[in-house]
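Reproduced below: run-v4.tsv, with TSV, C-alpha atoms.
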```tsv
chain	number	residue	atom	x	y	z
A	86	MET	CA	135.01	90.84	-36.25
A	87	ASN	CA	136.45	90.79	-32.77
A	88	ASP	CA	138.02	94.22	-32.40
A	89	ALA	CA	137.25	97.84	-33.20
A	90	ALA	CA	140.17	98.17	-35.64
A	91	ALA	CA	138.76	95.40	-37.82
A	92	VAL	CA	135.34	97.06	-37.73
A	93	ALA	CA	136.85	100.39	-38.82
A	94	SER	CA	138.74	98.78	-41.69
A	95	GLU	CA	135.68	96.97	-42.97
A	96	VAL	CA	133.49	100.08	-42.84
A	97	ALA	CA	136.18	102.22	-44.49
A	98	ASP	CA	136.35	99.75	-47.38
A	99	LEU	CA	132.58	99.96	-47.84
A	100	VAL	CA	132.60	103.77	-47.81
A	101	LEU	CA	135.44	103.94	-50.33
A	102	GLU	CA	133.69	101.40	-52.55
A	103	GLU	CA	130.59	103.59	-52.50
A	104	ALA	CA	132.61	106.77	-53.17
A	105	LEU	CA	134.03	105.14	-56.31
A	106	ARG	CA	130.60	104.16	-57.59
A	107	GLN	CA	129.09	106.56	-60.10
A	108	PRO	CA	126.41	107.68	-60.32
A	109	ARG	CA	125.38	107.52	-56.69
A	110	ARG	CA	123.40	109.41	-54.12
A	111	PRO	CA	125.27	111.47	-51.47
A	112	LEU	CA	127.08	109.75	-48.63
A	113	GLY	CA	125.69	110.21	-45.13
A	114	LEU	CA	128.44	110.77	-42.58
A	115	ALA	CA	128.64	110.72	-38.80
A	116	THR	CA	131.04	111.91	-36.12
A	117	GLY	CA	131.94	110.69	-32.66
A	118	ARG	CA	134.68	108.55	-31.18
A	119	THR	CA	133.39	105.40	-32.91
A	120	MET	CA	133.86	107.05	-36.30
A	121	GLU	CA	137.40	108.40	-35.81
A	122	PRO	CA	139.08	105.04	-36.55
A	123	VAL	CA	136.82	104.65	-39.59
A	124	TYR	CA	138.02	107.94	-41.08
A	125	ALA	CA	141.64	107.10	-40.24
A	126	ALA	CA	141.29	103.78	-42.07
A	127	LEU	CA	139.55	105.53	-44.97
A	128	ALA	CA	142.45	108.00	-45.30
A	129	ARG	CA	144.93	105.10	-45.38
A	130	ARG	CA	142.92	103.29	-48.06
A	131	PHE	CA	142.53	106.48	-50.08
A	132	ALA	CA	146.30	107.13	-50.03
A	133	GLN	CA	146.82	103.75	-51.72
A	134	LEU	CA	144.49	104.48	-54.65
A	135	PRO	CA	145.93	105.05	-58.11
A	136	PRO	CA	145.90	108.79	-58.94
A	137	ARG	CA	143.04	108.48	-61.45
A	138	GLN	CA	140.81	106.73	-58.93
A	139	ALA	CA	141.67	109.26	-56.23
A	140	ASP	CA	140.71	112.09	-58.59
A	141	ARG	CA	137.46	110.29	-59.38
A	142	VAL	CA	136.59	110.14	-55.67
A	143	ARG	CA	137.38	113.83	-55.16
A	144	GLN	CA	135.44	114.99	-58.20
A	145	GLY	CA	132.36	112.91	-57.41
A	146	TRP	CA	132.29	113.47	-53.65
A	147	LEU	CA	129.17	114.83	-52.00
A	148	SER	CA	128.33	114.04	-48.38
A	149	TYR	CA	125.95	115.27	-45.70
A	150	ASN	CA	126.77	114.95	-42.03
A	151	LEU	CA	124.04	114.01	-39.62
A	152	ASP	CA	124.33	116.88	-37.19
A	153	GLU	CA	126.10	119.90	-35.72
A	154	TYR	CA	125.98	121.76	-32.43
A	155	VAL	CA	124.06	125.03	-32.37
A	156	GLY	CA	126.05	128.16	-31.58
A	157	LEU	CA	129.59	127.05	-32.34
A	158	ASP	CA	131.68	128.86	-34.92
A	159	PRO	CA	132.54	126.58	-37.89
A	160	ALA	CA	136.22	126.96	-36.99
A	161	ASP	CA	135.67	125.89	-33.36
A	162	PRO	CA	137.72	122.67	-32.99
A	163	ARG	CA	135.00	121.15	-30.79
A	164	GLY	CA	132.39	121.39	-33.56
A	165	PHE	CA	131.76	118.68	-36.12
A	166	THR	CA	132.62	120.97	-39.04
A	167	ALA	CA	136.17	121.30	-37.74
A	168	VAL	CA	136.31	117.58	-36.93
A	169	MET	CA	135.36	116.64	-40.49
A	170	ASP	CA	137.94	119.07	-41.85
A	171	ARG	CA	140.62	117.41	-39.73
A	172	LEU	CA	139.60	113.79	-40.28
A	173	LEU	CA	138.32	113.82	-43.86
A	174	VAL	CA	138.60	117.03	-45.89
A	175	ARG	CA	142.33	117.59	-45.47
A	176	PRO	CA	143.49	113.93	-45.52
A	177	LEU	CA	141.56	113.22	-48.74
A	178	GLY	CA	142.04	116.66	-50.31
A	179	LEU	CA	138.30	117.18	-50.69
A	180	ASP	CA	136.51	120.39	-51.59
A	181	PRO	CA	135.04	121.56	-48.23
A	182	GLN	CA	131.88	122.70	-50.02
A	183	ARG	CA	131.19	119.07	-50.91
A	184	VAL	CA	131.40	117.90	-47.28
A	185	ARG	CA	128.22	119.49	-45.97
A	186	LEU	CA	127.07	120.03	-42.41
A	187	PRO	CA	124.23	122.06	-40.92
A	188	GLN	CA	124.99	125.77	-40.63
A	189	ALA	CA	124.29	125.76	-36.93
A	190	GLY	CA	126.06	128.99	-36.00
A	191	THR	CA	123.10	130.96	-37.32
A	192	ALA	CA	120.75	133.02	-35.16
A	193	ASP	CA	117.83	131.00	-36.57
A	194	PRO	CA	118.73	127.31	-36.27
A	195	ALA	CA	115.19	126.17	-37.09
A	196	ALA	CA	115.41	127.87	-40.49
A	197	ALA	CA	118.92	126.48	-40.99
A	198	ALA	CA	117.60	122.98	-40.31
A	199	ARG	CA	114.85	123.43	-42.90
A	200	ARG	CA	117.39	124.62	-45.48
A	201	TYR	CA	119.71	121.69	-44.75
A	202	GLY	CA	116.94	119.13	-45.09
A	203	ALA	CA	115.74	120.73	-48.32
A	204	ASP	CA	119.27	120.78	-49.77
A	205	LEU	CA	119.67	117.07	-49.05
A	206	GLU	CA	116.30	116.36	-50.65
A	207	ARG	CA	117.28	118.31	-53.78
A	208	HIS	CA	120.29	116.02	-54.16
A	209	GLY	CA	118.23	112.86	-53.92
A	210	GLY	CA	118.65	111.89	-50.27
A	211	ILE	CA	121.27	109.66	-48.73
A	212	GLY	CA	122.76	106.64	-50.48
A	213	VAL	CA	124.95	104.93	-47.87
A	214	GLN	CA	124.53	106.25	-44.31
A	215	LEU	CA	127.17	105.81	-41.60
A	216	LEU	CA	125.48	105.68	-38.22
A	217	GLY	CA	126.66	105.39	-34.63
A	218	LEU	CA	124.62	104.63	-31.53
A	219	GLY	CA	124.18	106.72	-28.38
A	220	LEU	CA	124.02	105.20	-24.93
A	221	ASN	CA	120.40	106.30	-24.54
A	222	GLY	CA	119.46	104.88	-27.93
A	223	HIS	CA	119.74	108.07	-29.94
A	224	VAL	CA	121.00	108.03	-33.53
A	225	ALA	CA	122.34	111.28	-34.93
A	226	PHE	CA	120.92	113.69	-32.33
A	227	ASN	CA	117.44	112.17	-32.41
A	228	GLU	CA	116.96	112.02	-28.67
A	229	PRO	CA	114.16	109.93	-27.15
A	230	PRO	CA	111.32	110.24	-27.77
A	231	SER	CA	111.68	110.38	-31.57
A	232	GLY	CA	109.31	108.77	-34.03
A	233	PRO	CA	110.15	107.46	-37.50
A	234	ALA	CA	108.63	110.48	-39.26
A	235	THR	CA	110.79	113.15	-37.58
A	236	ARG	CA	112.67	115.32	-40.07
A	237	CYS	CA	115.68	117.63	-39.97
A	238	ARG	CA	115.20	120.03	-37.08
A	239	CYS	CA	116.76	121.80	-34.10
A	240	VAL	CA	116.68	119.66	-30.95
A	241	ARG	CA	117.54	120.06	-27.28
A	242	LEU	CA	120.16	117.56	-26.13
A	243	ARG	CA	119.56	115.39	-23.11
A	244	ARG	CA	121.85	115.64	-20.14
A	245	SER	CA	123.04	112.07	-20.73
A	246	THR	CA	124.13	112.97	-24.27
A	247	ARG	CA	125.96	116.05	-23.07
A	248	ARG	CA	127.77	113.92	-20.48
A	249	GLN	CA	128.68	111.39	-23.17
A	250	ASN	CA	130.15	114.14	-25.37
A	251	ALA	CA	131.82	116.14	-22.60
A	252	GLN	CA	135.25	114.72	-23.42
A	253	ASP	CA	135.48	117.16	-26.34
A	254	PHE	CA	134.60	120.06	-24.03
A	255	GLY	CA	137.20	119.67	-21.33
A	256	GLY	CA	135.17	117.02	-19.54
A	257	ASP	CA	132.46	119.53	-18.57
A	258	PRO	CA	128.92	118.55	-19.63
A	259	ASP	CA	127.78	122.13	-19.02
A	260	ALA	CA	130.18	123.32	-21.73
A	261	VAL	CA	128.50	121.10	-24.33
A	262	PRO	CA	125.93	123.11	-26.31
A	263	GLU	CA	122.36	122.51	-25.24
A	264	ARG	CA	121.00	122.36	-28.80
A	265	ALA	CA	121.93	120.85	-32.13
A	266	ILE	CA	120.62	120.54	-35.67
A	267	THR	CA	120.09	116.95	-36.71
A	268	LEU	CA	118.75	115.00	-39.64
A	269	GLY	CA	115.60	113.21	-38.51
A	270	MET	CA	114.72	109.55	-38.49
A	271	ALA	CA	112.80	110.08	-41.74
A	272	GLU	CA	115.91	111.15	-43.66
A	273	ILE	CA	117.99	108.36	-42.08
A	274	LEU	CA	115.42	105.66	-42.82
A	275	ALA	CA	115.14	106.90	-46.43
A	276	ALA	CA	118.80	106.03	-47.07
A	277	GLU	CA	119.43	103.24	-49.58
A	278	ARG	CA	121.69	101.47	-47.09
A	279	ILE	CA	122.62	102.00	-43.44
A	280	LEU	CA	125.93	100.93	-41.88
A	281	LEU	CA	125.37	100.83	-38.11
A	282	VAL	CA	128.80	101.01	-36.45
A	283	VAL	CA	128.99	100.09	-32.76
A	284	THR	CA	132.03	99.30	-30.64
A	285	GLY	CA	132.68	98.75	-26.94
A	286	ALA	CA	130.96	96.86	-24.15
A	287	ALA	CA	129.18	100.00	-22.94
A	288	LYS	CA	126.96	99.87	-26.04
A	289	ALA	CA	126.11	96.16	-25.84
A	290	GLU	CA	122.82	96.44	-23.95
A	291	VAL	CA	121.42	99.38	-25.90
A	292	LEU	CA	122.40	97.65	-29.17
A	293	ARG	CA	120.61	94.48	-28.10
A	294	ARG	CA	117.49	96.43	-27.20
A	295	ALA	CA	117.57	98.44	-30.43
A	296	LEU	CA	117.66	95.32	-32.58
A	297	GLU	CA	115.50	92.92	-30.56
A	298	GLU	CA	112.80	94.90	-28.76
A	299	PRO	CA	109.69	96.30	-30.47
A	300	PRO	CA	110.36	99.71	-32.09
A	301	THR	CA	109.44	102.63	-29.87
A	302	PRO	CA	110.02	106.41	-29.80
A	303	GLU	CA	111.73	105.93	-26.44
A	304	LEU	CA	114.54	104.10	-28.22
A	305	PRO	CA	115.00	105.91	-31.56
A	306	ALA	CA	117.57	103.39	-32.83
A	307	SER	CA	114.88	100.70	-32.68
A	308	TRP	CA	113.28	102.17	-35.84
A	309	LEU	CA	116.31	100.87	-37.75
A	310	GLN	CA	114.75	97.41	-37.56
A	311	ARG	CA	112.38	98.57	-40.29
A	312	HIS	CA	115.15	99.34	-42.77
A	313	PRO	CA	115.49	96.75	-45.55
A	314	ALA	CA	119.23	97.30	-45.99
A	315	LEU	CA	120.61	97.72	-42.48
A	316	SER	CA	123.99	96.12	-41.80
A	317	LEU	CA	125.59	95.91	-38.36
A	318	HIS	CA	129.33	96.41	-37.96
A	319	ALA	CA	130.15	95.71	-34.33
A	320	ASP	CA	133.07	94.32	-32.36
A	321	ALA	CA	132.78	91.38	-29.99
A	322	ALA	CA	132.32	93.62	-26.96
A	323	ALA	CA	129.40	95.53	-28.50
A	324	ARG	CA	127.81	92.24	-29.59
A	325	GLY	CA	127.92	91.17	-25.95
A	326	GLU	CA	130.15	88.17	-26.54
A	327	GLY	CA	131.69	86.82	-23.38
A	328	ARG	CA	129.10	88.40	-21.05
A	329	ARG	CA	128.00	86.38	-18.06
A	330	ARG	CA	124.57	84.86	-18.48
```
Write-out of the structure in structure tokens:
Amino acid sequence: MNDAAAVASEVADLVLEEALRQPRRPLGLATGRTMEPVYAALARRFAQLPPRQADRVRQGWLSYNLDEYVGLDPADPRGFTAVMDRLLVRPLGLDPQRVRLPQAGTADPAAAARRYGADLERHGGIGVQLLGLGLNGHVAFNEPPSGPATRCRCVRLRRSTRRQNAQDFGGDPDAVPERAITLGMAEILAAERILLVVTGAAKAEVLRRALEEPPTPELPASWLQRHPALSLHADAAARGEGRRR
């Protein structure tokens, strides 16, 4: 695939195929600019389904998002709960209770993280996991250093991550919350299948390192090499095609 639109279409088809499969484990969902075209393509595909298949998707839907900022109200448009409502819940007509995210507005985010991880475990863990890639090698909000055994927890975001996400906060990194609740590498690596979605030339070098260099806590995405069912969905720019050598 040479462009981001083709990547989004392919990934959307895979997610919809999984949503139609019954029985299945919960879907693992992600947010971020890389995922927005995926959800747009998914909504277009869903609108073309026969009514009985669409109802089957809605009735069988259960998903867990990777992360959420600590301290934002669920209705705050900058938070991932509101993003998923806009991009997924309303377009597909899903029950919001079946599109789950960490309850990060609580006064005790550590306890909220434990509850979220336990709820996912009760439902069998992730089946197919959508996953993006941060410029510093983080996946979900597992900032470096993160080992493969880390579990759902409250984390402090690095300055580089807050800069990367500042676009949603008026361009001000200081407005991005300092903490988030995230699923850990352990929950991600326990998924049956991982769809790693990466687009844009800015991600080419970190993607290369994540897939080719020895796994290390300093590059959390590198632990994905150990997954037996990891598939990469990247455009030509993210694959580094056309770079000078």
- Item | Length of the CA of Pro302 (chain A) to CA of Gly232 (chain A) vector [Å] |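 CA of Pro302 (chain A) sits 4.9 Å away from CA of Gly232 (chain A).
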- Query: Which is closest to Val213 (chain A) among A:Val142, A:Leu280, A:Val261, A:Leu127, if we use only C-alpha atoms?
  - Reply: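 The answer is A:Leu280, which sits nearest to Val213 (chain A).
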- Within 10 Å of region 102-114 of chain A using all atoms listed in the file, minus same-chain residues under 2 positions, as an MDAnalysis selection string: chainID A and resid 96:100 116 120 138:143 145:152 169 183:186 205 208:217 225 272:273 276:280
Writing out the chosen residues with C-alpha atoms as a short mmCIF file (atom, residue, chain, number, x, y, z; two decimals), in the coordinates of the input:
```cif
data_model
loop_
_atom_site.label_atom_id
_atom_site.label_comp_id
_atom_site.auth_asym_id
_atom_site.auth_seq_id
_atom_site.Cartn_x
_atom_site.Cartn_y
_atom_site.Cartn_z
CA VAL A 96 133.49 100.08 -42.84
CA ALA A 97 136.18 102.22 -44.49
CA ASP A 98 136.35 99.75 -47.38
CA LEU A 99 132.58 99.96 -47.84
CA VAL A 100 132.60 103.77 -47.81
CA THR A 116 131.04 111.91 -36.12
CA MET A 120 133.86 107.05 -36.30
CA GLN A 138 140.81 106.73 -58.93
CA ALA A 139 141.67 109.26 -56.23
CA ASP A 140 140.71 112.09 -58.59
CA ARG A 141 137.46 110.29 -59.38
CA VAL A 142 136.59 110.14 -55.67
CA ARG A 143 137.38 113.83 -55.16
CA GLY A 145 132.36 112.91 -57.41
CA TRP A 146 132.29 113.47 -53.65
CA LEU A 147 129.17 114.83 -52.00
CA SER A 148 128.33 114.04 -48.38
CA TYR A 149 125.95 115.27 -45.70
CA ASN A 150 126.77 114.95 -42.03
CA LEU A 151 124.04 114.01 -39.62
CA ASP A 152 124.33 116.88 -37.19
CA MET A 169 135.36 116.64 -40.49
CA ARG A 183 131.19 119.07 -50.91
CA VAL A 184 131.40 117.90 -47.28
CA ARG A 185 128.22 119.49 -45.97
CA LEU A 186 127.07 120.03 -42.41
CA LEU A 205 119.67 117.07 -49.05
CA HIS A 208 120.29 116.02 -54.16
CA GLY A 209 118.23 112.86 -53.92
CA GLY A 210 118.65 111.89 -50.27
CA ILE A 211 121.27 109.66 -48.73
CA GLY A 212 122.76 106.64 -50.48
CA VAL A 213 124.95 104.93 -47.87
CA GLN A 214 124.53 106.25 -44.31
CA LEU A 215 127.17 105.81 -41.60
CA LEU A 216 125.48 105.68 -38.22
CA GLY A 217 126.66 105.39 -34.63
CA ALA A 225 122.34 111.28 -34.93
CA GLU A 272 115.91 111.15 -43.66
CA ILE A 273 117.99 108.36 -42.08
CA ALA A 276 118.80 106.03 -47.07
CA GLU A 277 119.43 103.24 -49.58
CA ARG A 278 121.69 101.47 -47.09
CA ILE A 279 122.62 102.00 -43.44
CA LEU A 280 125.93 100.93 -41.88
#
```
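Nearest-residue note for Glu326 (chain A): choosing from A:Ala125, A:Leu157, A:Ala271, A:Ala286, the minimum distance belongs to A:Ala286, counting all atoms listed in the file.
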- Message: I'd like the contact shell of Ala197 (chain A) - 9 Å cut-off, only C-alpha atoms, skipping same-chain residues fewer than 3 positions apart - returned as a list in words.
- Response: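 These residues fall inside the cut-off: Pro187, Gln188, Ala189, Thr191, Ala192, Asp193, Pro194, Arg200, Tyr201, Gly202, Arg238, Cys239 and Ile266 of chain A.
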- Please indicate the distance in Å from CA of Ala160 (chain A) to CA of Leu242 (chain A), rounded to one decimal place. 21.5 Å
- Identify the residues within 8 Å of coordinate (119.3, 113.3, -24.4) (same frame as the file), considering all atoms listed in the file, and give the answer as a PyMOL selection string. chain A and resi 221+223+228-229+241-247
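Between CA of Arg163 (chain A) and CA of Gly190 (chain A) lies a distance of 13.0 Å.
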- Task: Return the single residue from A:Leu304, A:Glu263, A:Ala295, A:Ala289 that is closest to Ala321 (chain A), with distances computed using all atoms listed in the file.
- Result: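 Counting all atoms listed in the file, the residue closest to Ala321 (chain A) is A:Ala289.
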- Query: Near Val291 (chain A), counting only C-alpha atoms, which residues have an atom at most 10 Å away, once you skip same-chain residues fewer than 4 positions from it, shown as a list of chain:residue names?
  - Reply: A:Leu218, A:Gly219, A:Leu220, A:Asn221, A:Gly222, A:His223, A:Ala287, A:Ala295, A:Leu296, A:Glu297, A:Leu304, A:Ala306, A:Ser307, A:Ala323
- Item | Best match for closeness to Cys237 (chain A) among A:Asp204, A:Asp257, A:Ala93, A:Ala167, counting only C-alpha atoms | A:Asp204
With the input short on atoms, add N, CA and C atoms back to region 88-101 of chain A and write it as a short mmCIF file (atom, residue, chain, number, x, y, z; two decimals), in the frame of the given file.
```cif
data_model
loop_
_atom_site.label_atom_id
_atom_site.label_comp_id
_atom_site.auth_asym_id
_atom_site.auth_seq_id
_atom_site.Cartn_x
_atom_site.Cartn_y
_atom_site.Cartn_z
N ASP A 88 137.50 92.99 -32.98
CA ASP A 88 138.02 94.22 -32.40
C ASP A 88 137.59 95.43 -33.23
N ALA A 89 137.72 96.60 -32.59
CA ALA A 89 137.25 97.84 -33.20
C ALA A 89 138.06 98.20 -34.44
N ALA A 90 139.35 97.85 -34.47
CA ALA A 90 140.17 98.17 -35.64
C ALA A 90 139.67 97.42 -36.88
N ALA A 91 139.28 96.16 -36.69
CA ALA A 91 138.76 95.40 -37.82
C ALA A 91 137.43 95.97 -38.31
N VAL A 92 136.60 96.41 -37.37
CA VAL A 92 135.34 97.06 -37.73
C VAL A 92 135.61 98.31 -38.57
N ALA A 93 136.53 99.15 -38.11
CA ALA A 93 136.85 100.39 -38.82
C ALA A 93 137.35 100.11 -40.23
N SER A 94 138.20 99.11 -40.37
CA SER A 94 138.74 98.78 -41.69
C SER A 94 137.65 98.31 -42.64
N GLU A 95 136.76 97.47 -42.13
CA GLU A 95 135.68 96.97 -42.97
C GLU A 95 134.76 98.11 -43.43
N VAL A 96 134.39 98.98 -42.50
CA VAL A 96 133.49 100.08 -42.84
C VAL A 96 134.17 101.05 -43.80
N ALA A 97 135.45 101.33 -43.59
CA ALA A 97 136.18 102.22 -44.49
C ALA A 97 136.19 101.67 -45.91
N ASP A 98 136.37 100.37 -46.05
CA ASP A 98 136.35 99.75 -47.38
C ASP A 98 134.99 99.94 -48.05
N LEU A 99 133.92 99.80 -47.28
CA LEU A 99 132.58 99.96 -47.84
C LEU A 99 132.33 101.40 -48.27
N VAL A 100 132.79 102.36 -47.45
CA VAL A 100 132.60 103.77 -47.81
C VAL A 100 133.39 104.12 -49.06
N LEU A 101 134.63 103.64 -49.15
CA LEU A 101 135.44 103.94 -50.33
C LEU A 101 134.85 103.28 -51.58
#
```
